[in-house]
>>> print(open('upload.cif').read())   # mmCIF, C-alpha atoms
data_work
loop_
_atom_site.label_atom_id
_atom_site.label_comp_id
_atom_site.auth_asym_id
_atom_site.auth_seq_id
_atom_site.Cartn_x
_atom_site.Cartn_y
_atom_site.Cartn_z
CA MET L 1 19.62 24.07 22.39
CA PRO L 2 22.04 26.43 20.61
CA ALA L 3 24.50 26.46 23.52
CA ASP L 4 24.78 22.70 23.38
CA THR L 5 25.35 22.56 19.63
CA ASN L 6 28.34 24.89 19.91
CA GLN L 7 29.94 22.85 22.67
CA ILE L 8 32.77 20.71 21.38
CA ILE L 9 32.40 17.22 22.70
CA SER L 10 35.67 15.51 23.47
CA GLU L 11 35.08 11.98 24.57
CA HIS L 12 37.05 8.81 24.43
CA THR L 13 35.31 6.45 22.13
CA LEU L 14 35.75 2.70 22.39
CA TYR L 15 36.43 2.61 18.68
CA ALA L 16 38.90 4.33 16.42
CA GLU L 17 37.37 7.17 14.44
CA PRO L 18 37.73 7.54 10.72
CA ILE L 19 39.87 10.45 9.59
CA PHE L 20 39.27 10.22 5.87
CA HIS L 21 37.80 7.86 3.37
CA PHE L 22 39.61 6.06 0.65
CA GLY L 23 36.78 5.03 -1.58
CA ASP L 24 34.69 2.86 0.66
CA PHE L 25 37.56 2.17 3.00
CA GLN L 26 37.79 4.22 6.16
CA ILE L 27 41.23 5.24 7.31
CA THR L 28 40.98 5.44 11.09
CA ASN L 29 43.30 7.33 13.38
CA SER L 30 44.54 4.03 14.84
CA LEU L 31 45.43 2.77 11.40
CA LEU L 32 47.39 5.97 10.79
CA ASN L 33 49.33 5.39 13.98
CA THR L 34 50.04 1.81 12.97
CA TRP L 35 51.35 3.01 9.63
CA LEU L 36 53.66 5.27 11.56
CA VAL L 37 54.93 2.21 13.42
CA VAL L 38 55.43 0.36 10.14
CA LEU L 39 57.30 3.35 8.73
CA LEU L 40 59.54 3.50 11.79
CA VAL L 41 60.29 -0.21 11.58
CA VAL L 42 61.05 0.00 7.86
CA ILE L 43 63.37 2.97 8.35
CA PHE L 44 65.08 1.24 11.23
CA GLY L 45 65.37 -1.99 9.25
CA LEU L 46 66.99 -0.29 6.28
CA TYR L 47 69.33 1.67 8.53
CA PHE L 48 70.18 -1.30 10.71
CA LYS L 49 70.90 -3.71 7.87
CA SER L 50 73.81 -1.59 6.68
CA LYS L 51 75.14 -1.36 10.22
CA ILE L 52 75.44 -5.09 10.85
CA LYS L 53 79.10 -6.02 11.06
CA LEU L 54 81.02 -8.99 12.33
CA ILE L 55 82.59 -6.75 14.92
CA PRO L 56 79.57 -5.17 16.58
CA ARG L 57 79.45 -1.46 17.28
CA GLY L 58 76.95 0.85 18.89
CA ILE L 59 73.39 -0.03 18.07
CA GLN L 60 74.28 -3.58 17.04
CA ASN L 61 75.69 -4.28 20.50
CA PHE L 62 72.51 -3.01 22.01
CA MET L 63 70.32 -5.10 19.71
CA GLU L 64 72.38 -8.23 20.26
CA ALA L 65 72.24 -7.83 24.01
CA GLY L 66 68.47 -7.42 23.77
CA ILE L 67 68.10 -10.44 21.54
CA GLU L 68 70.27 -12.58 23.82
CA MET L 69 68.15 -11.52 26.78
CA LEU L 70 64.95 -12.43 24.93
CA PHE L 71 66.53 -15.74 23.89
CA ASP L 72 66.98 -16.62 27.55
CA VAL L 73 63.43 -15.63 28.43
CA PHE L 74 61.99 -17.57 25.48
CA ASP L 75 64.17 -20.59 26.21
CA SER L 76 62.47 -20.90 29.58
CA VAL L 77 59.15 -21.29 27.73
CA THR L 78 60.13 -23.43 24.74
CA GLY L 79 62.65 -25.53 26.64
CA SER L 80 65.39 -25.47 24.02
CA ARG L 81 67.33 -22.91 22.01
CA LYS L 82 66.60 -24.77 18.79
CA LYS L 83 62.85 -24.37 19.20
CA THR L 84 63.30 -20.76 20.24
CA LEU L 85 65.26 -19.96 17.10
CA LYS L 86 62.53 -21.50 14.96
CA VAL L 87 59.82 -19.14 16.19
CA PHE L 88 61.93 -16.22 17.35
CA PRO L 89 61.55 -13.81 14.40
CA PHE L 90 57.79 -14.27 14.42
CA VAL L 91 57.42 -13.77 18.14
CA LEU L 92 59.89 -10.89 18.14
CA SER L 93 57.77 -9.13 15.52
CA PHE L 94 54.79 -9.28 17.88
CA PHE L 95 56.85 -7.75 20.62
CA VAL L 96 58.23 -4.93 18.49
CA PHE L 97 54.92 -4.22 16.79
CA ILE L 98 52.90 -4.09 20.00
CA LEU L 99 55.54 -2.24 22.00
CA LEU L 100 55.93 0.50 19.41
CA ASN L 101 52.17 0.79 19.01
CA ASN L 102 51.68 1.05 22.75
CA TRP L 103 54.37 3.65 23.18
CA LEU L 104 53.46 5.71 20.14
CA GLY L 105 50.01 6.02 21.65
CA LEU L 106 51.61 7.85 24.57
CA LEU L 107 53.43 10.45 22.50
CA PRO L 108 52.31 14.01 23.08
CA GLY L 109 50.00 15.03 20.25
CA VAL L 110 48.55 11.56 19.89
CA GLY L 111 44.96 11.91 21.03
CA SER L 112 45.24 15.65 21.56
CA VAL L 113 45.82 16.99 18.05
CA GLY L 114 42.81 16.59 15.81
CA GLN L 115 39.91 18.15 14.04
CA VAL L 116 36.37 19.01 14.97
CA VAL L 117 33.69 17.36 12.95
CA SER L 118 29.94 17.65 13.08
CA GLU L 119 28.23 14.47 13.97
CA HIS L 120 24.48 14.25 14.36
CA GLY L 121 24.36 18.01 14.74
CA LYS L 122 27.03 17.98 17.47
CA LYS L 123 30.59 19.12 17.22
CA VAL L 124 32.87 16.24 18.08
CA PHE L 125 36.60 16.40 18.51
CA VAL L 126 38.35 13.67 16.54
CA PRO L 127 42.10 13.19 17.14
CA PHE L 128 44.31 12.54 14.13
CA PHE L 129 46.21 9.85 15.93
CA ARG L 130 45.17 7.18 18.37
CA GLY L 131 47.32 4.41 19.75
CA GLY L 132 47.30 1.51 17.31
CA THR L 133 46.58 -1.03 20.01
CA ALA L 134 43.80 1.13 21.45
CA ASP L 135 41.64 -0.20 18.65
CA LEU L 136 40.11 -3.66 18.88
CA ASN L 137 40.63 -4.19 15.15
CA THR L 138 44.39 -4.13 15.66
CA THR L 139 44.49 -6.39 18.68
CA LEU L 140 41.99 -8.79 17.12
CA ALA L 141 44.14 -8.97 13.99
CA LEU L 142 47.21 -9.68 16.11
CA ALA L 143 45.44 -12.33 18.17
CA LEU L 144 44.10 -14.01 15.03
CA ILE L 145 47.55 -14.05 13.43
CA GLY L 146 49.07 -15.52 16.57
CA VAL L 147 46.47 -18.21 17.15
CA ILE L 148 46.17 -19.21 13.49
CA ALA L 149 49.96 -19.33 13.18
CA SER L 150 50.12 -21.55 16.26
CA HIS L 151 47.69 -23.97 14.58
CA ILE L 152 49.66 -24.02 11.33
CA PHE L 153 52.83 -24.50 13.31
CA GLY L 154 51.14 -27.33 15.22
CA ILE L 155 50.09 -29.14 12.05
CA ILE L 156 53.63 -28.86 10.68
CA SER L 157 55.22 -30.01 13.92
CA VAL L 158 53.07 -32.95 15.02
CA GLY L 159 51.30 -33.90 11.80
CA ALA L 160 47.70 -33.40 10.65
CA TRP L 161 46.28 -36.57 12.22
CA LYS L 162 47.64 -35.93 15.70
CA TYR L 163 46.63 -32.29 15.42
CA PHE L 164 43.13 -33.26 14.42
CA ASN L 165 42.85 -35.65 17.36
CA LYS L 166 43.65 -32.88 19.78
CA PHE L 167 40.23 -31.42 19.06
CA ILE L 168 38.09 -34.20 17.70
CA ASN L 169 39.54 -37.20 19.42
CA LEU L 170 38.68 -40.04 17.02
CA LYS L 171 41.78 -41.90 18.15
CA ALA L 172 40.44 -42.21 21.71
CA LEU L 173 37.10 -43.53 20.41
CA LEU L 174 38.74 -46.05 18.09
CA GLU L 175 40.91 -47.28 20.93
CA ILE L 176 37.96 -48.34 23.08
CA PRO L 177 37.14 -51.71 21.43
CA LYS L 178 40.84 -52.63 21.32
CA LYS L 179 41.64 -51.92 24.94
CA VAL L 180 38.34 -52.54 26.69
CA LEU L 181 39.07 -56.20 27.52
CA LYS L 182 42.46 -55.44 29.00
CA ASP L 183 41.47 -52.30 30.81
CA PRO L 184 37.75 -51.59 31.26
CA SER L 185 38.45 -48.07 32.57
CA VAL L 186 38.87 -46.80 28.99
CA LEU L 187 35.09 -46.91 28.75
CA ILE L 188 35.02 -43.95 31.11
CA VAL L 189 38.37 -42.29 30.41
CA ASN L 190 38.23 -42.08 26.63
CA PRO L 191 34.81 -40.43 26.34
CA ILE L 192 36.13 -37.86 28.78
CA LYS L 193 39.12 -37.37 26.51
CA VAL L 194 36.79 -36.78 23.59
CA PHE L 195 34.85 -34.22 25.58
CA VAL L 196 38.06 -32.48 26.63
CA GLY L 197 39.03 -32.29 22.97
CA LEU L 198 35.76 -30.51 22.19
CA LEU L 199 36.45 -28.09 25.02
CA GLU L 200 39.80 -27.34 23.39
CA ILE L 201 37.97 -25.90 20.39
CA ILE L 202 36.18 -23.43 22.65
CA SER L 203 39.41 -22.61 24.41
CA GLU L 204 40.97 -21.69 21.07
CA LEU L 205 38.23 -19.11 20.57
CA ALA L 206 38.73 -17.95 24.13
CA LYS L 207 42.42 -17.46 23.38
CA VAL L 208 41.62 -15.00 20.60
CA ALA L 209 39.13 -13.15 22.77
CA SER L 210 41.38 -12.97 25.82
CA LEU L 211 44.44 -11.89 23.85
CA SER L 212 42.69 -9.16 21.93
CA PHE L 213 40.61 -7.77 24.77
CA ARG L 214 43.45 -7.83 27.29
CA LEU L 215 45.71 -5.74 25.12
CA PHE L 216 42.99 -3.43 23.90
CA GLY L 217 41.58 -2.95 27.40
CA ASN L 218 44.91 -2.16 28.99
CA ILE L 219 46.04 0.33 26.39
CA PHE L 220 42.67 2.00 25.95
CA ALA L 221 42.21 2.30 29.70
CA GLY L 222 45.70 3.76 29.98
CA GLU L 223 44.95 6.45 27.42
CA VAL L 224 41.68 7.31 29.12
CA LEU L 225 43.47 7.42 32.46
CA VAL L 226 46.19 9.79 31.26
CA ALA L 227 43.63 11.99 29.49
CA SER L 228 41.45 12.11 32.58
CA MET L 229 44.37 13.10 34.76
CA ALA L 230 45.32 15.78 32.25
CA ALA L 231 41.73 17.01 32.36
CA ILE L 232 41.91 17.38 36.15
CA LEU L 233 45.29 19.14 36.14
CA ALA L 234 47.33 19.35 32.98
CA PHE L 235 50.62 20.22 34.70
CA GLY L 236 52.51 17.55 36.57
CA LEU L 237 49.64 15.30 37.50
CA PRO L 238 49.72 13.08 34.36
CA VAL L 239 53.49 12.50 34.67
CA PRO L 240 53.43 9.54 37.10
CA PHE L 241 50.59 8.05 35.09
CA MET L 242 52.61 8.45 31.93
CA PHE L 243 55.43 6.48 33.54
CA LEU L 244 52.90 3.88 34.61
CA GLU L 245 51.58 3.67 31.04
CA VAL L 246 55.10 3.27 29.63
CA MET L 247 55.51 0.32 31.98
CA VAL L 248 52.08 -1.07 31.13
CA GLY L 249 52.86 -0.77 27.42
CA ALA L 250 56.07 -2.78 27.83
CA ILE L 251 54.48 -5.34 30.14
CA GLN L 252 51.46 -5.88 27.90
CA ALA L 253 53.70 -6.29 24.86
CA LEU L 254 55.72 -8.87 26.76
CA ILE L 255 52.63 -10.69 28.03
CA PHE L 256 51.11 -10.88 24.56
CA THR L 257 54.41 -12.11 23.14
CA MET L 258 54.91 -14.72 25.84
CA LEU L 259 51.35 -16.00 25.43
CA ILE L 260 51.79 -16.34 21.67
CA LEU L 261 55.05 -18.16 22.31
CA THR L 262 53.32 -20.46 24.79
CA TYR L 263 50.57 -21.25 22.31
CA LEU L 264 53.13 -21.97 19.61
CA THR L 265 55.03 -24.26 21.96
CA MET L 266 51.89 -25.99 23.22
CA MET L 267 50.62 -26.64 19.71
CA ALA L 268 53.98 -28.02 18.65
CA THR L 269 54.04 -30.62 21.45
CA GLU L 270 52.09 -33.83 21.24
CA GLU L 271 49.23 -34.59 23.53
CA GLU L 272 50.40 -35.72 26.94
CA HIS L 273 49.39 -39.10 28.24
CA MET N 1 28.13 -10.65 17.96
CA GLU N 2 26.29 -7.84 16.14
CA ASN N 3 26.49 -5.85 19.30
CA LEU N 4 30.19 -6.47 19.61
CA ILE N 5 30.85 -5.32 16.06
CA GLU N 6 28.71 -2.25 16.62
CA THR N 7 30.37 -1.30 19.90
CA PHE N 8 33.96 -1.63 18.75
CA HIS N 9 33.41 -0.70 15.09
CA LEU N 10 34.96 -3.95 13.96
CA ASP N 11 35.74 -3.90 10.28
CA LEU N 12 37.18 -6.84 8.39
CA ARG N 13 39.03 -4.49 6.04
CA LEU N 14 40.67 -2.77 9.00
CA ILE N 15 41.64 -6.13 10.42
CA ILE N 16 43.15 -7.13 7.09
CA ALA N 17 44.96 -3.80 6.92
CA GLN N 18 46.45 -4.47 10.35
CA VAL N 19 47.40 -7.99 9.31
CA ILE N 20 49.23 -6.49 6.34
CA ASN N 21 50.91 -4.00 8.65
CA PHE N 22 52.06 -6.79 10.87
CA ALA N 23 53.25 -8.77 7.87
CA ILE N 24 55.34 -5.80 6.74
CA VAL N 25 56.83 -5.39 10.21
CA PHE N 26 57.55 -9.10 10.37
CA SER N 27 59.22 -9.24 6.97
CA VAL N 28 61.28 -6.14 7.58
CA LEU N 29 62.42 -7.39 10.96
CA TYR N 30 63.10 -10.83 9.55
CA TRP N 31 64.96 -9.87 6.36
CA PHE N 32 66.66 -6.68 7.45
CA ALA N 33 67.34 -7.25 11.12
CA PHE N 34 67.02 -10.75 12.43
CA LYS N 35 68.40 -12.84 9.59
CA PRO N 36 71.58 -10.85 8.93
CA LEU N 37 72.06 -10.35 12.64
CA ALA N 38 71.65 -14.06 13.39
CA LYS N 39 74.02 -14.87 10.54
CA VAL N 40 76.64 -12.47 11.82
CA MET N 41 76.19 -13.71 15.38
CA SER N 42 76.60 -17.36 14.44
CA GLU N 43 79.50 -16.45 12.15
CA ARG N 44 81.14 -14.68 15.03
CA SER N 45 80.65 -17.56 17.44
CA ASP N 46 82.07 -19.92 14.83
CA LYS N 47 85.03 -17.64 14.37
CA ILE N 48 85.62 -17.39 18.10
CA ALA N 49 85.35 -21.16 18.47
CA LYS N 50 87.80 -21.61 15.61
CA SER N 51 90.19 -19.05 17.08
CA LEU N 52 90.12 -20.79 20.44
CA ASP N 53 90.70 -24.10 18.74
CA ASP N 54 93.56 -22.64 16.74
CA ALA N 55 95.08 -21.12 19.83
CA LYS N 56 94.94 -24.53 21.50
CA LYS N 57 96.56 -26.12 18.47
CA VAL N 58 99.29 -23.49 18.40
CA GLU N 59 99.94 -24.04 22.06
CA GLU N 60 100.17 -27.78 21.53
CA LYS N 61 102.50 -27.27 18.62
CA LEU N 62 104.59 -24.89 20.66
CA SER N 63 105.00 -27.37 23.48
CA GLU N 64 105.77 -30.06 20.94
CA THR N 65 108.38 -27.86 19.33
CA GLN N 66 109.80 -27.05 22.73
CA ALA N 67 110.12 -30.76 23.52
CA GLU N 68 111.76 -31.40 20.19
CA PHE N 69 114.06 -28.46 20.69
CA ASN N 70 115.06 -29.80 24.10
CA LYS N 71 115.71 -33.20 22.60
CA VAL N 72 117.87 -31.75 19.87
CA ILE N 73 119.77 -29.64 22.35
CA ILE N 74 120.44 -32.64 24.56
CA GLN N 75 121.61 -34.63 21.58
CA ALA N 76 123.82 -31.80 20.43
CA LYS N 77 125.32 -31.54 23.90
CA LYS N 78 126.01 -35.24 23.94
CA GLN N 79 127.61 -35.06 20.54
CA ALA N 80 129.68 -32.06 21.58
CA ASN N 81 130.85 -33.92 24.66
CA LEU N 82 131.75 -36.89 22.53
CA ILE N 83 133.70 -34.72 20.13
CA LEU N 84 135.45 -32.98 23.01
CA GLU N 85 136.38 -36.29 24.58
CA LYS N 86 137.66 -37.60 21.31
CA ALA N 87 139.59 -34.44 20.70
CA ALA N 88 141.07 -34.65 24.17
CA SER N 89 142.07 -38.28 23.74
CA ASP N 90 143.43 -37.53 20.28
CA ALA N 91 145.42 -34.67 21.63
CA ASP N 92 146.63 -36.88 24.42
CA ALA N 93 147.74 -39.57 22.00
CA LYS N 94 149.41 -37.00 19.81
CA LYS N 95 151.16 -35.55 22.80
CA GLN N 96 152.30 -38.96 23.91
CA ALA N 97 153.55 -39.72 20.42
CA GLU N 98 155.33 -36.40 20.26
CA ILE N 99 156.89 -36.94 23.63
CA LYS N 100 158.00 -40.40 22.53
CA ARG N 101 159.42 -39.03 19.34
CA VAL N 102 161.22 -36.24 21.14
CA LYS N 103 162.57 -38.70 23.68
CA GLU N 104 163.82 -40.92 20.90
CA GLU N 105 165.39 -38.00 19.17
CA VAL N 106 166.96 -36.80 22.35
CA GLY N 107 168.18 -40.34 22.99
CA ALA N 108 169.62 -40.52 19.53
CA ILE N 109 171.31 -37.16 19.93
CA ILE N 110 172.69 -38.19 23.28
CA ASN N 111 174.01 -41.45 21.81
CA GLN N 112 175.56 -39.58 18.95
CA GLU N 113 177.18 -37.17 21.34
CA LYS N 114 178.37 -40.03 23.51
CA GLN N 115 179.94 -41.72 20.54
CA LYS N 116 181.45 -38.48 19.46
CA MET N 117 182.76 -37.89 22.94
CA GLN N 118 184.15 -41.41 23.13
CA ALA N 119 185.90 -40.99 19.83
CA GLU N 120 187.21 -37.68 20.91
CA LYS N 121 188.25 -39.14 24.19
CA ALA N 122 190.01 -41.93 22.43
CA ALA N 123 191.70 -39.48 20.11
CA THR N 124 192.66 -37.27 23.00
CA LEU N 125 193.93 -40.26 24.93
CA LYS N 126 195.95 -41.29 21.93
CA GLU N 127 197.41 -37.86 21.59
CA ILE N 128 198.06 -37.66 25.28
CA LYS N 129 199.79 -41.01 25.12
CA LYS N 130 201.88 -39.79 22.23
CA GLU N 131 202.71 -36.58 24.03
CA VAL N 132 203.50 -38.42 27.21
CA ALA N 133 205.69 -40.77 25.25
CA ASP N 134 207.51 -37.85 23.72
CA LEU N 135 207.81 -36.21 27.10
CA VAL N 136 209.01 -39.36 28.74
CA MET N 137 211.43 -39.87 25.89
CA ALA N 138 212.78 -36.40 26.27
CA ALA N 139 213.00 -36.82 30.03
CA VAL N 140 214.64 -40.14 29.76
CA GLU N 141 216.96 -38.75 27.12
CA LYS N 142 217.85 -36.01 29.39
CA VAL N 143 218.20 -38.39 32.33
CA ILE N 144 220.21 -40.88 30.47
CA CYS N 145 221.91 -38.30 28.48
CA GLU N 146 222.59 -40.61 25.90
CA LYS N 147 220.83 -40.96 22.76
CA MET N 148 219.79 -44.39 22.09
CA ASP N 149 218.77 -45.68 18.90
CA GLU N 150 215.35 -44.34 18.27
CA LYS N 151 213.88 -47.69 17.60
CA LYS N 152 215.08 -49.15 20.84
CA ASP N 153 214.00 -46.15 22.69
CA ARG N 154 210.45 -46.30 21.46
CA GLU N 155 210.13 -49.93 22.39
CA MET N 156 211.39 -49.26 25.82
CA ILE N 157 208.95 -46.43 26.36
CA LYS N 158 206.11 -48.50 25.19
CA LYS N 159 206.99 -51.13 27.74
CA MET N 160 207.12 -48.54 30.47
CA ILE N 161 203.82 -47.01 29.73
CA LYS N 162 202.07 -50.29 29.66
#
>>> encode(input="upload.cif", output="structure tokens")
Amino acid sequence: MPADTNQIISEHTLYAEPIFHFGDFQITNSLLNTWLVVLLVVIFGLYFKSKIKLIPRGIQNFMEAGIEMLFDVFDSVTGSRKKTLKVFPFVLSFFVFILLNNWLGLLPGVGSVGQVVSEHGKKVFVPFFRGGTADLNTTLALALIGVIASHIFGIISVGAWKYFNKFINLKALLEIPKKVLKDPSVLIVNPIKVFVGLLEIISELAKVASLSFRLFGNIFAGEVLVASMAAILAFGLPVPFMFLEVMVGAIQALIFTMLILTYLTMMATEEEH
Amino acid sequence: MENLIETFHLDLRLIIAQVINFAIVFSVLYWFAFKPLAKVMSERSDKIAKSLDDAKKVEEKLSETQAEFNKVIIQAKKQANLILEKAASDADAKKQAEIKRVKEEVGAIINQEKQKMQAEKAATLKEIKKEVADLVMAAVEKVICEKMDEKKDREMIKKMIK
């Protein structure tokens, strides 16, 4: 129908839409937003480096207070300041990256400024920018980095053999003939240990899935929520939801960060007996 | 899995791009923000710890100095007292010696005067005796009205006076 073909369809897609192509590579609107985050961080980094003085002033005070606060929070997870300092820059990067991505997705213009493209004979509105974390590619990448890093960190901390036995528990199997005369219960306990180790492998995959989908789901849902409210009444009504989304953005960034920190800590500790 | 990739438009290249993005953010934060900041923060805590330590040392030194100062003062006071005492006793001895000397001198002067006076007295007495003898002689001459031989006369007078 001609009336339908002229209608501009504006719908929230589950995926980030490509804005332009770079050879075979599609630059999506989420990737653009992430680049914006990277740009902001780089500018801030260059500016901040020159501002760091022994006697803190202005922004340095603020940053130091923030870092000290995060130190305390992270200490409660890792158990000691030494361990916290070891992983802090890595974990802090997650926090900053996710927080900025979440919040940049809420800026006015993100999701509302765009172009109209024809797709399958329909006119579809495609925004230029879309929250970086409202794309599963981003959150999946973050989750993979976090989980893989926790494994590398684990191997470095406890050694390859102990790390290997966390998943494929050869040590428990080899122990059976040695201990069976003294304590027959190992015949039951150690096969269970082996099975638990196999379950751990699945749980590692579950970690990636839960991390990526939690973040993506929250942020994407938030954007849809604010857009829906704006569609009902553009004046005033989205404001409380915007506040809510600012909170959600911060909370999700913190949750993701804390989970990564927990995984790092867990992987760095030896198996409990 | 196919379905998942289809639904969310998963693309390995996009994932890699995001990994690179994260790596950039991480390196920038690490090299430009966290590392210098951590360095400065630890430097500052070291400096503060050192300052506190120094302050403690200075305080200790101060109290030490104070104690030493007190000791020196006490010693100086003692010495001063000693010197004063010695000076007083010296002065006393000198005074005594002076007094003794003066007394001796005065004694000597008095003796001299006494001797002088005695000699004078003796001289005077002699003169008086001579005068009296003359007087008596004249009186006796007058009384007797006769002039005796001077030699006789003198002998007679001598006897009378004695």
>>> residues_near_point(input="upload.cif", point="(47.3, 14.1, 34.3)", cutoff="12 Å", atoms="only C-alpha atoms", output="list in words")
Gly222, Glu223, Val224, Leu225, Val226, Ala227, Ser228, Met229, Ala230, Ala231, Ile232, Leu233, Ala234, Phe235, Gly236, Leu237, Pro238, Val239, Pro240, Phe241, Met242, Phe243, Leu244 and Glu245 of chain L
>>> write_last_selection(input="upload.cif", atoms="C-alpha atoms", output="PDB file, in the frame of the given file")
ATOM      1  CA  GLY L 222      45.700   3.760  29.980  1.00  0.00           C
ATOM      2  CA  GLU L 223      44.950   6.450  27.420  1.00  0.00           C
ATOM      3  CA  VAL L 224      41.680   7.310  29.120  1.00  0.00           C
ATOM      4  CA  LEU L 225      43.470   7.420  32.460  1.00  0.00           C
ATOM      5  CA  VAL L 226      46.190   9.790  31.260  1.00  0.00           C
ATOM      6  CA  ALA L 227      43.630  11.990  29.490  1.00  0.00           C
ATOM      7  CA  SER L 228      41.450  12.110  32.580  1.00  0.00           C
ATOM      8  CA  MET L 229      44.370  13.100  34.760  1.00  0.00           C
ATOM      9  CA  ALA L 230      45.320  15.780  32.250  1.00  0.00           C
ATOM     10  CA  ALA L 231      41.730  17.010  32.360  1.00  0.00           C
ATOM     11  CA  ILE L 232      41.910  17.380  36.150  1.00  0.00           C
ATOM     12  CA  LEU L 233      45.290  19.140  36.140  1.00  0.00           C
ATOM     13  CA  ALA L 234      47.330  19.350  32.980  1.00  0.00           C
ATOM     14  CA  PHE L 235      50.620  20.220  34.700  1.00  0.00           C
ATOM     15  CA  GLY L 236      52.510  17.550  36.570  1.00  0.00           C
ATOM     16  CA  LEU L 237      49.640  15.300  37.500  1.00  0.00           C
ATOM     17  CA  PRO L 238      49.720  13.080  34.360  1.00  0.00           C
ATOM     18  CA  VAL L 239      53.490  12.500  34.670  1.00  0.00           C
ATOM     19  CA  PRO L 240      53.430   9.540  37.100  1.00  0.00           C
ATOM     20  CA  PHE L 241      50.590   8.050  35.090  1.00  0.00           C
ATOM     21  CA  MET L 242      52.610   8.450  31.930  1.00  0.00           C
ATOM     22  CA  PHE L 243      55.430   6.480  33.540  1.00  0.00           C
ATOM     23  CA  LEU L 244      52.900   3.880  34.610  1.00  0.00           C
ATOM     24  CA  GLU L 245      51.580   3.670  31.040  1.00  0.00           C
TER      25      GLU L 245
END
>>> residues_around(input="upload.cif", residues="region 33-43 of chain L", least_positions_apart="2", cutoff="12 Å", atoms="all atoms listed in the file", output="number ranges by chain")
L: 16, 19, 27-31, 45-50, 93, 96-107, 109-111, 127-135, 137-139; N: 14-15, 17-33
>>> write_last_selection(input="upload.cif", atoms="C-alpha atoms", output="compact mmCIF listing (two decimals), in the coordinates of the input")
# COMPACT_ATOMS: atom_id res chain seq x y z
CA ALA L 16 38.90 4.33 16.42
CA ILE L 19 39.87 10.45 9.59
CA ILE L 27 41.23 5.24 7.31
CA THR L 28 40.98 5.44 11.09
CA ASN L 29 43.30 7.33 13.38
CA SER L 30 44.54 4.03 14.84
CA LEU L 31 45.43 2.77 11.40
CA GLY L 45 65.37 -1.99 9.25
CA LEU L 46 66.99 -0.29 6.28
CA TYR L 47 69.33 1.67 8.53
CA PHE L 48 70.18 -1.30 10.71
CA LYS L 49 70.90 -3.71 7.87
CA SER L 50 73.81 -1.59 6.68
CA SER L 93 57.77 -9.13 15.52
CA VAL L 96 58.23 -4.93 18.49
CA PHE L 97 54.92 -4.22 16.79
CA ILE L 98 52.90 -4.09 20.00
CA LEU L 99 55.54 -2.24 22.00
CA LEU L 100 55.93 0.50 19.41
CA ASN L 101 52.17 0.79 19.01
CA ASN L 102 51.68 1.05 22.75
CA TRP L 103 54.37 3.65 23.18
CA LEU L 104 53.46 5.71 20.14
CA GLY L 105 50.01 6.02 21.65
CA LEU L 106 51.61 7.85 24.57
CA LEU L 107 53.43 10.45 22.50
CA GLY L 109 50.00 15.03 20.25
CA VAL L 110 48.55 11.56 19.89
CA GLY L 111 44.96 11.91 21.03
CA PRO L 127 42.10 13.19 17.14
CA PHE L 128 44.31 12.54 14.13
CA PHE L 129 46.21 9.85 15.93
CA ARG L 130 45.17 7.18 18.37
CA GLY L 131 47.32 4.41 19.75
CA GLY L 132 47.30 1.51 17.31
CA THR L 133 46.58 -1.03 20.01
CA ALA L 134 43.80 1.13 21.45
CA ASP L 135 41.64 -0.20 18.65
CA ASN L 137 40.63 -4.19 15.15
CA THR L 138 44.39 -4.13 15.66
CA THR L 139 44.49 -6.39 18.68
CA LEU N 14 40.67 -2.77 9.00
CA ILE N 15 41.64 -6.13 10.42
CA ALA N 17 44.96 -3.80 6.92
CA GLN N 18 46.45 -4.47 10.35
CA VAL N 19 47.40 -7.99 9.31
CA ILE N 20 49.23 -6.49 6.34
CA ASN N 21 50.91 -4.00 8.65
CA PHE N 22 52.06 -6.79 10.87
CA ALA N 23 53.25 -8.77 7.87
CA ILE N 24 55.34 -5.80 6.74
CA VAL N 25 56.83 -5.39 10.21
CA PHE N 26 57.55 -9.10 10.37
CA SER N 27 59.22 -9.24 6.97
CA VAL N 28 61.28 -6.14 7.58
CA LEU N 29 62.42 -7.39 10.96
CA TYR N 30 63.10 -10.83 9.55
CA TRP N 31 64.96 -9.87 6.36
CA PHE N 32 66.66 -6.68 7.45
CA ALA N 33 67.34 -7.25 11.12
>>> closest_residue(input="upload.cif", among="N:Ala49, N:Leu4, N:Leu82, N:Val40", to="chain L", atoms="only C-alpha atoms")
N:Val40
>>> atom_distance(input="upload.cif", atom1="CA of Phe8 (chain N)", atom2="CA of Tyr15 (chain L)")
4.9 Å
>>> atom_distance(input="upload.cif", atom1="CA of Glu6 (chain N)", atom2="CA of Leu14 (chain L)")
10.4 Å
>>> atom_distance(input="upload.cif", atom1="CA of Gly23 (chain L)", atom2="CA of Leu10 (chain N)")
18.0 Å
>>> closest_residue(input="upload.cif", among="L:His120, L:Ile260, L:Val126, L:Gly146", to="chain N", atoms="all atoms listed in the file")
L:Gly146
>>> closest_residue(input="upload.cif", among="L:Gly114, L:Pro108, L:Pro18, L:Gly79", to="chain N", atoms="all atoms listed in the file")
L:Pro18
>>> resolve_selection(input="upload.cif", expression="the PyMOL selection byres ((chain L and resi 60-73) around 10)", output="list in words")
Phe48, Lys49, Lys51, Ile52, Lys53, Leu54, Ile55, Pro56, Arg57, Gly58, Ile59, Phe74, Asp75, Ser76, Val77, Thr78, Gly79, Ser80, Arg81, Thr84, Leu85, Phe88, Leu92 and Met258 of chain L; Ala33, Phe34, Leu37, Ala38 and Met41 of chain N
>>> residues_near_point(input="upload.cif", point="(37.8, -28.7, 21.8)", cutoff="12 Å", atoms="only C-alpha atoms", output="ChimeraX atom specification")
/L:163-169,192-206
